[in-house]
>>> print(open('final.txt').read())   # compact mmCIF, C-alpha atoms
# COMPACT_ATOMS: atom_id res chain seq x y z
CA MET H 9 0.00 0.00 0.00
CA PHE H 10 2.90 2.32 0.71
CA LEU H 11 4.27 1.59 -2.77
CA ALA H 12 0.82 2.22 -4.27
CA ILE H 13 0.64 5.62 -2.55
CA LEU H 14 4.08 6.53 -3.94
CA GLN H 15 2.95 5.46 -7.43
CA CYS H 16 -0.19 7.62 -7.19
CA ILE H 17 1.76 10.64 -5.91
CA CYS H 18 4.35 10.19 -8.66
CA THR H 19 1.56 9.97 -11.27
CA VAL H 20 0.02 13.23 -10.03
CA ILE H 21 3.42 15.00 -10.03
CA ILE H 22 4.49 13.79 -13.51
CA LEU H 23 1.13 14.50 -15.18
CA GLY H 24 0.90 17.85 -13.35
CA ILE H 25 4.30 18.95 -14.70
CA LEU H 26 3.47 17.78 -18.24
CA ALA H 27 0.10 19.56 -18.11
CA LYS H 28 1.68 22.77 -16.80
CA ASN H 29 4.15 22.70 -19.70
CA GLY H 30 1.32 22.15 -22.19
CA THR H 31 2.69 18.77 -23.28
CA ILE H 32 -0.58 17.01 -22.41
CA HIS H 33 -4.16 18.19 -21.87
CA PHE H 34 -6.59 17.12 -19.18
CA LYS H 35 -9.80 18.04 -21.03
CA LYS H 36 -10.97 17.45 -24.56
CA GLY H 37 -11.40 20.50 -26.75
CA THR H 38 -9.33 22.88 -24.61
CA THR H 39 -5.64 23.62 -24.06
CA VAL H 40 -6.20 25.13 -20.59
CA ASN H 41 -5.00 22.80 -17.83
CA ASN H 42 -6.15 23.37 -14.26
CA LEU H 43 -4.12 21.32 -11.78
CA PHE H 44 -7.20 21.16 -9.59
CA SER H 45 -10.79 21.82 -10.58
CA LEU H 46 -13.77 20.64 -8.53
CA SER H 47 -15.91 20.36 -11.65
CA ASP H 48 -13.26 18.21 -13.34
CA LEU H 49 -12.91 16.12 -10.20
CA LYS H 50 -16.65 15.41 -10.23
CA MET H 51 -16.37 14.01 -13.77
CA ILE H 52 -14.45 10.92 -12.63
CA PHE H 53 -17.08 9.73 -10.15
CA PRO H 54 -18.06 7.00 -9.41
CA LEU H 55 -14.61 5.61 -10.38
CA PRO H 56 -12.96 6.30 -6.98
CA ILE H 57 -15.87 4.65 -5.14
CA LEU H 58 -15.71 1.56 -7.37
CA PHE H 59 -11.93 1.49 -6.92
CA PHE H 60 -12.31 1.55 -3.13
CA LEU H 61 -14.96 -1.21 -3.09
CA ASN H 62 -12.90 -3.29 -5.52
CA LEU H 63 -9.82 -2.89 -3.31
CA ILE H 64 -11.69 -3.86 -0.13
CA CYS H 65 -13.20 -7.01 -1.70
CA GLY H 66 -9.90 -7.97 -3.35
CA LEU H 67 -7.86 -7.71 -0.15
CA GLY H 68 -10.52 -9.48 1.91
CA GLY H 69 -10.95 -12.26 -0.63
CA THR H 70 -7.20 -12.83 -0.97
CA LYS H 71 -6.99 -13.26 2.80
CA LYS H 72 -9.92 -15.70 2.95
CA ILE H 73 -9.20 -18.13 0.11
CA ASN H 74 -6.15 -19.72 -1.44
CA ILE H 75 -4.35 -18.39 -4.51
CA ALA H 76 -5.60 -21.20 -6.80
CA MET H 77 -9.25 -20.40 -6.12
CA PHE H 78 -8.56 -16.67 -6.23
CA THR H 79 -7.11 -17.07 -9.73
CA ALA H 80 -10.05 -19.20 -10.87
CA LEU H 81 -12.80 -16.95 -9.51
CA ARG H 82 -11.13 -13.75 -10.75
CA ARG H 83 -11.60 -15.03 -14.33
CA PHE H 84 -15.33 -14.31 -13.93
CA SER H 85 -14.57 -10.57 -13.98
CA ILE H 86 -13.84 -10.90 -17.72
CA LEU H 87 -17.24 -12.53 -18.26
CA PHE H 88 -19.01 -9.87 -16.16
CA MET H 89 -17.22 -7.10 -18.05
CA MET H 90 -18.28 -8.47 -21.42
CA ILE H 91 -21.91 -8.79 -20.28
CA LEU H 92 -21.90 -5.19 -19.01
CA GLU H 93 -20.39 -3.86 -22.25
CA ILE H 94 -23.07 -5.67 -24.24
CA TYR H 95 -26.10 -4.52 -22.26
CA LEU H 96 -25.07 -1.08 -20.97
CA PRO H 97 -25.68 1.99 -23.19
CA MET H 98 -22.37 1.49 -25.07
CA GLY H 99 -23.89 -1.69 -26.59
CA LEU H 100 -20.69 -3.30 -27.86
CA ILE H 101 -21.05 -6.29 -30.16
CA PHE H 102 -18.89 -9.35 -29.51
CA THR H 103 -18.72 -12.03 -32.19
CA THR H 104 -19.42 -15.67 -31.36
CA PRO H 105 -15.72 -16.73 -31.46
CA VAL H 106 -14.86 -13.90 -29.04
CA ARG H 107 -17.67 -14.92 -26.65
CA VAL H 108 -16.59 -18.56 -26.81
CA SER H 109 -12.96 -17.61 -26.12
CA VAL H 110 -14.04 -15.73 -22.96
CA GLY H 111 -15.88 -18.88 -21.87
CA VAL H 112 -12.70 -20.90 -22.47
CA ILE H 113 -10.68 -18.44 -20.34
CA VAL H 114 -13.14 -18.83 -17.45
CA LEU H 115 -13.19 -22.63 -17.89
CA GLY H 116 -9.39 -22.75 -17.80
CA GLY H 117 -9.31 -20.85 -14.52
CA ILE H 118 -11.81 -23.28 -12.97
CA VAL H 119 -9.91 -26.34 -14.21
CA ALA H 120 -6.66 -24.90 -12.82
CA ALA H 121 -8.19 -24.79 -9.34
CA LEU H 122 -10.14 -28.06 -9.39
CA ASN H 123 -7.53 -29.80 -7.24
CA ASP H 124 -7.91 -27.12 -4.55
CA LEU H 125 -11.62 -26.34 -4.22
CA ALA H 126 -11.71 -25.34 -0.53
CA PHE H 127 -15.10 -23.67 -0.09
CA ASP H 128 -15.31 -20.50 2.00
CA PHE H 129 -18.63 -18.66 1.64
CA VAL H 130 -17.34 -15.27 2.82
CA GLY H 131 -14.24 -15.58 0.63
CA TYR H 132 -16.36 -16.49 -2.41
CA MET H 133 -18.68 -13.51 -1.84
CA LEU H 134 -15.73 -11.13 -1.47
CA ILE H 135 -14.09 -12.35 -4.67
CA MET H 136 -17.39 -12.14 -6.56
CA GLY H 137 -17.75 -8.60 -5.22
CA ASN H 138 -14.21 -8.00 -6.45
CA ASN H 139 -15.30 -9.26 -9.89
CA VAL H 140 -18.44 -7.11 -10.02
CA PHE H 141 -16.79 -3.89 -8.83
CA GLY H 142 -13.73 -4.54 -11.01
CA ALA H 143 -15.97 -5.06 -14.05
CA LEU H 144 -17.96 -1.92 -13.24
CA GLN H 145 -14.74 0.03 -12.77
CA GLY H 146 -13.43 -1.04 -16.18
CA VAL H 147 -16.70 -0.36 -17.98
CA VAL H 148 -17.23 3.04 -16.31
CA MET H 149 -13.65 3.95 -17.23
CA LYS H 150 -14.40 3.09 -20.86
CA MET H 151 -17.60 5.16 -20.77
CA LYS H 152 -15.76 8.13 -19.26
CA LEU H 153 -13.03 7.92 -21.89
CA SER H 154 -15.61 7.72 -24.69
CA GLU H 155 -17.57 10.81 -23.64
CA THR H 156 -17.04 14.00 -25.64
CA LYS H 157 -16.11 17.27 -23.93
CA GLN H 158 -14.90 15.32 -20.94
CA LEU H 159 -11.54 14.43 -19.44
CA THR H 160 -8.85 12.86 -21.58
CA LYS H 161 -7.08 9.69 -20.45
CA PHE H 162 -4.43 11.94 -18.88
CA GLY H 163 -7.03 13.92 -16.93
CA LEU H 164 -8.87 10.79 -15.84
CA LEU H 165 -5.63 9.15 -14.66
CA TYR H 166 -4.53 12.37 -12.92
CA TYR H 167 -7.71 12.85 -10.89
CA ASN H 168 -8.15 9.13 -10.24
CA SER H 169 -4.61 8.98 -8.80
CA MET H 170 -5.33 12.10 -6.74
CA CYS H 171 -8.44 10.47 -5.24
CA SER H 172 -6.59 7.18 -4.68
CA VAL H 173 -4.07 8.70 -2.24
CA PRO H 174 -6.60 9.34 0.58
CA ILE H 175 -8.21 5.96 -0.15
CA PHE H 176 -4.89 4.15 0.40
CA MET H 177 -4.18 6.26 3.49
CA LEU H 178 -7.56 5.24 4.92
CA MET H 179 -6.80 1.58 4.18
CA ILE H 180 -3.43 1.86 5.92
CA MET H 181 -5.03 3.47 8.99
CA ILE H 182 -7.50 0.56 9.20
CA LEU H 183 -5.29 -2.39 8.26
CA GLU H 184 -1.76 -1.29 9.18
CA PRO H 185 -1.89 1.48 11.80
CA ASP H 186 1.75 0.86 12.77
CA LEU H 187 3.06 1.25 9.20
CA GLN H 188 4.66 4.63 9.92
CA THR H 189 6.68 3.11 12.75
CA LYS H 190 7.72 0.16 10.56
CA LEU H 191 8.87 2.48 7.79
CA ARG H 192 10.83 4.65 10.20
CA GLN H 193 12.55 1.62 11.73
CA TYR H 194 13.23 -0.17 8.43
CA GLU H 195 16.95 -0.94 8.34
CA HIS H 196 17.61 -1.14 4.58
CA TRP H 197 16.77 2.39 3.43
CA GLY H 198 20.46 3.03 2.73
CA ASN H 199 20.75 0.02 0.42
CA PRO H 200 21.24 1.29 -3.18
CA VAL H 201 19.64 -1.87 -4.64
CA LEU H 202 16.46 -1.21 -2.63
CA SER H 203 16.43 2.43 -3.81
CA PHE H 204 16.84 1.34 -7.44
CA CYS H 205 14.08 -1.29 -7.21
CA LEU H 206 11.74 1.09 -5.38
CA CYS H 207 12.21 3.86 -7.97
CA GLY H 208 11.82 1.32 -10.77
CA SER H 209 8.60 -0.02 -9.29
CA ILE H 210 7.18 3.48 -8.93
CA VAL H 211 7.99 4.43 -12.54
CA LEU H 212 6.74 1.10 -13.93
CA GLY H 213 3.54 1.48 -11.90
CA VAL H 214 2.91 4.87 -13.52
CA ILE H 215 3.56 3.43 -16.99
CA LEU H 216 1.34 0.42 -16.29
CA ASN H 217 -1.60 2.57 -15.13
CA TYR H 218 -1.26 4.77 -18.20
CA ALA H 219 -1.14 1.68 -20.45
CA ILE H 220 -4.33 0.34 -18.82
CA PHE H 221 -6.19 3.61 -19.45
CA TRP H 222 -4.88 3.81 -23.02
CA CYS H 223 -5.73 0.15 -23.78
CA THR H 224 -9.25 0.63 -22.42
CA GLN H 225 -9.75 3.79 -24.48
CA VAL H 226 -8.73 2.33 -27.84
CA ASN H 227 -10.12 -1.18 -27.30
CA SER H 228 -12.62 -2.15 -24.61
CA ALA H 229 -12.66 -2.92 -20.90
CA THR H 230 -13.02 -6.63 -21.72
CA THR H 231 -9.94 -6.59 -23.96
CA THR H 232 -7.92 -4.91 -21.19
CA ALA H 233 -9.06 -7.61 -18.74
CA VAL H 234 -8.11 -10.40 -21.17
CA VAL H 235 -4.66 -8.88 -21.70
CA GLY H 236 -4.33 -8.68 -17.91
CA SER H 237 -5.19 -12.37 -17.57
CA MET H 238 -2.57 -13.21 -20.21
CA LYS H 239 -0.01 -11.30 -18.14
CA ASN H 240 -0.91 -13.40 -15.10
CA LEU H 241 -0.53 -16.60 -17.10
CA ILE H 242 2.89 -15.53 -18.36
CA THR H 243 3.86 -14.93 -14.73
CA ALA H 244 2.55 -18.39 -13.87
CA TYR H 245 4.65 -19.98 -16.64
CA ALA H 246 7.70 -18.17 -15.29
CA SER H 247 7.03 -19.61 -11.83
CA ILE H 248 6.55 -23.08 -13.37
CA LEU H 249 10.02 -22.76 -14.92
CA GLY H 250 11.46 -22.00 -11.48
CA LEU H 251 11.24 -18.21 -11.09
CA GLY H 252 10.18 -17.56 -7.49
CA GLY H 253 10.34 -21.22 -6.47
CA ASP H 254 6.86 -21.35 -4.90
CA TYR H 255 4.86 -23.08 -7.65
CA VAL H 256 3.53 -26.54 -6.78
CA PHE H 257 3.11 -28.44 -10.05
CA SER H 258 -0.01 -30.48 -10.77
CA TYR H 259 -1.22 -31.73 -14.16
CA LEU H 260 -4.73 -30.35 -13.61
CA ASN H 261 -3.43 -26.89 -12.72
CA PHE H 262 -1.05 -26.88 -15.69
CA LEU H 263 -3.87 -27.97 -18.01
CA GLY H 264 -6.12 -25.17 -16.75
CA LEU H 265 -3.40 -22.55 -17.27
CA ASN H 266 -2.92 -23.68 -20.85
CA ILE H 267 -6.68 -23.68 -21.53
CA SER H 268 -6.90 -20.09 -20.25
CA MET H 269 -3.91 -19.03 -22.32
CA ALA H 270 -5.41 -20.64 -25.44
CA GLY H 271 -8.68 -18.78 -24.85
CA ALA H 272 -6.85 -15.47 -24.42
CA ILE H 273 -4.84 -16.01 -27.62
CA VAL H 274 -7.99 -16.88 -29.59
CA TYR H 275 -9.73 -13.79 -28.18
CA SER H 276 -6.82 -11.56 -29.21
CA TYR H 277 -6.67 -13.10 -32.68
CA TYR H 278 -10.35 -12.52 -33.45
CA LYS H 279 -10.34 -8.99 -32.00
CA LEU H 280 -7.32 -8.07 -34.15
CA ALA H 281 -8.88 -9.70 -37.21
CA ALA H 282 -12.11 -7.75 -36.66
CA LYS H 283 -10.18 -4.47 -36.25
CA LYS H 284 -8.25 -5.06 -39.51
CA LYS H 285 -11.51 -5.80 -41.33
CA THR H 286 -13.09 -2.60 -39.96
CA THR H 287 -10.02 -0.56 -41.00
CA LYS H 288 -10.19 -1.92 -44.54
>>> encode(input="final.txt", output="structure tokens")
Amino acid sequence: MFLAILQCICTVIILGILAKNGTIHFKKGTTVNNLFSLSDLKMIFPLPILFFLNLICGLGGTKKINIAMFTALRRFSILFMMILEIYLPMGLIFTTPVRVSVGVIVLGGIVAALNDLAFDFVGYMLIMGNNVFGALQGVVMKMKLSETKQLTKFGLLYYNSMCSVPIFMLMIMILEPDLQTKLRQYEHWGNPVLSFCLCGSIVLGVILNYAIFWCTQVNSATTTAVVGSMKNLITAYASILGLGGDYVFSYLNFLGLNISMAGAIVYSYYKLAAKKKTTK
């Protein structure tokens, strides 16, 4: 959470400097950048609320259930996102191969966790809440980015990061009230490797958040979620090959990971093929 706060602060500072120099613009149709405007801040709601609810459910669910089931149940967020994008006012159309590939991704996540189905009702409800709020967050972000005479992706990211700082501070006060003492007493602050990794994580976090907003703007919330699931699978393959050393191999889990990856690849292929056809 401390790292997340630093990433949000760094995002606000970098985008603020770029906006002040006129390199980027926070609002569509105008070159005037206000570093703080209450009317602009209101435009991003309810994104901060959904972000907070998503964070609460995600942290609670992670604590309640094991990683295998967390991975499996989180796949449902892709399905929820696609359903929302179909039936909400944006009315996106997904072809049959794309819909089937999303089903395959969800199926792969379930298969991967079949050897570890430890039922916890509260944990399941929290993760499903995580899925719902995460799907709503992605779809609302897409709707905000699609609106005319509204904030650009830079403005949306700027104000969302600004609102995220007090949210993370509130979470720290509730969950880790002694964090300030731990940070003050931490013995490795003088280690140059730690400083390099910390700065790298902050910068990469800023780039990642920008990439998520950009991907959602030019594609869809569902596509961003599928790309995110592919990233998780790549991480899983790295752990299978020995990176991290904490992966416990099982044939069922490995099969599920490959099913999910196949579904994500098929989804990407058909979305790219459809985009090329539309361009032509």
>>> atom_distance(input="final.txt", atom1="CA of Leu11 in chain H", atom2="CA of Val201 in chain H")
15.9 Å
>>> residues_around(input="final.txt", residues="Ile52 in chain H", least_positions_apart="5", cutoff="12 Å", atoms="all atoms listed in the file", output="compact mmCIF listing (two decimals) with C-alpha atoms, in the coordinates of the input")
# COMPACT_ATOMS: atom_id res chain seq x y z
CA PHE H 34 -6.59 17.12 -19.18
CA LYS H 35 -9.80 18.04 -21.03
CA SER H 45 -10.79 21.82 -10.58
CA LEU H 46 -13.77 20.64 -8.53
CA SER H 47 -15.91 20.36 -11.65
CA ILE H 57 -15.87 4.65 -5.14
CA LEU H 58 -15.71 1.56 -7.37
CA PHE H 59 -11.93 1.49 -6.92
CA GLN H 145 -14.74 0.03 -12.77
CA VAL H 148 -17.23 3.04 -16.31
CA MET H 149 -13.65 3.95 -17.23
CA LYS H 150 -14.40 3.09 -20.86
CA MET H 151 -17.60 5.16 -20.77
CA LYS H 152 -15.76 8.13 -19.26
CA LEU H 153 -13.03 7.92 -21.89
CA GLU H 155 -17.57 10.81 -23.64
CA GLN H 158 -14.90 15.32 -20.94
CA LEU H 159 -11.54 14.43 -19.44
CA THR H 160 -8.85 12.86 -21.58
CA LYS H 161 -7.08 9.69 -20.45
CA PHE H 162 -4.43 11.94 -18.88
CA GLY H 163 -7.03 13.92 -16.93
CA LEU H 164 -8.87 10.79 -15.84
CA LEU H 165 -5.63 9.15 -14.66
CA TYR H 166 -4.53 12.37 -12.92
CA TYR H 167 -7.71 12.85 -10.89
CA ASN H 168 -8.15 9.13 -10.24
CA SER H 169 -4.61 8.98 -8.80
CA MET H 170 -5.33 12.10 -6.74
CA CYS H 171 -8.44 10.47 -5.24
CA SER H 172 -6.59 7.18 -4.68
>>> residues_around(input="final.txt", residues="range 173-177 of chain H", least_positions_apart="2", cutoff="12 Å", atoms="all atoms listed in the file", output="number ranges by chain")
H: 9-20, 56-64, 166-171, 179-185, 187-188
>>> atom_distance(input="final.txt", atom1="CA of Gly66 in chain H", atom2="CA of Leu100 in chain H")
27.2 Å
>>> atom_distance(input="final.txt", atom1="CA of Leu26 in chain H", atom2="CA of Ser154 in chain H")
22.5 Å
>>> closest_residue(input="final.txt", among="H:Ser85, H:Asn42, H:Asn29, H:Ser228", to="Ile113 in chain H", atoms="all atoms listed in the file")
H:Ser85
>>> residues_near_point(input="final.txt", point="(-0.5, -3.8, -16.8)", cutoff="9 Å", atoms="only C-alpha atoms", output="VMD selection string")
chain H and resid 213 215 to 220 232 235 to 236 239
>>> write_last_selection(input="final.txt", atoms="C-alpha atoms", output="compact mmCIF listing (two decimals), keeping the file's coordinate frame")
# COMPACT_ATOMS: atom_id res chain seq x y z
CA GLY H 213 3.54 1.48 -11.90
CA ILE H 215 3.56 3.43 -16.99
CA LEU H 216 1.34 0.42 -16.29
CA ASN H 217 -1.60 2.57 -15.13
CA TYR H 218 -1.26 4.77 -18.20
CA ALA H 219 -1.14 1.68 -20.45
CA ILE H 220 -4.33 0.34 -18.82
CA THR H 232 -7.92 -4.91 -21.19
CA VAL H 235 -4.66 -8.88 -21.70
CA GLY H 236 -4.33 -8.68 -17.91
CA LYS H 239 -0.01 -11.30 -18.14
>>> closest_residue(input="final.txt", among="H:Val119, H:Val114, H:Met90, H:Ile73", to="Ala143 in chain H", atoms="only C-alpha atoms")
H:Met90
>>> residues_around(input="final.txt", residues="Gly117 in chain H", least_positions_apart="4", cutoff="7 Å", atoms="all atoms listed in the file", output="list in words")
Thr79, Ala80, Arg83, Ile113, Ala121, Gly264, Leu265 and Ser268 of chain H
>>> closest_residue(input="final.txt", among="H:Met136, H:Ala233, H:Met51, H:Met238", to="Ile267 in chain H", atoms="only C-alpha atoms")
H:Met238
>>> closest_residue(input="final.txt", among="H:Ala27, H:Met269, H:Leu92, H:Ile210", to="Tyr245 in chain H", atoms="only C-alpha atoms")
H:Met269
>>> closest_residue(input="final.txt", among="H:Val226, H:Leu122, H:Met133, H:Val274", to="Ser258 in chain H", atoms="all atoms listed in the file")
H:Leu122
>>> residues_around(input="final.txt", residues="Phe88 in chain H", least_positions_apart="3", cutoff="9 Å", atoms="all atoms listed in the file", output="PDB file with C-alpha atoms, in the frame of the given file")
ATOM      1  CA  PHE H  84     -15.330 -14.310 -13.930  1.00  0.00           C
ATOM      2  CA  SER H  85     -14.570 -10.570 -13.980  1.00  0.00           C
ATOM      3  CA  ILE H  91     -21.910  -8.790 -20.280  1.00  0.00           C
ATOM      4  CA  LEU H  92     -21.900  -5.190 -19.010  1.00  0.00           C
ATOM      5  CA  GLU H  93     -20.390  -3.860 -22.250  1.00  0.00           C
ATOM      6  CA  ASN H 139     -15.300  -9.260  -9.890  1.00  0.00           C
ATOM      7  CA  VAL H 140     -18.440  -7.110 -10.020  1.00  0.00           C
ATOM      8  CA  ALA H 143     -15.970  -5.060 -14.050  1.00  0.00           C
ATOM      9  CA  LEU H 144     -17.960  -1.920 -13.240  1.00  0.00           C
ATOM     10  CA  THR H 230     -13.020  -6.630 -21.720  1.00  0.00           C
TER      11      THR H 230
END
>>> closest_residue(input="final.txt", among="H:Leu178, H:Cys65, H:Val110, H:Leu249", to="Ile86 in chain H", atoms="all atoms listed in the file")
H:Val110
>>> axis_aligned_box(input="final.txt", around="range 38-57 of chain H", padding_each_side="5 Å", output="JSON")
{"center_x": -11.1, "center_y": 14.9, "center_z": -14.9, "size_x": 23.9, "size_y": 30.5, "size_z": 29.5}
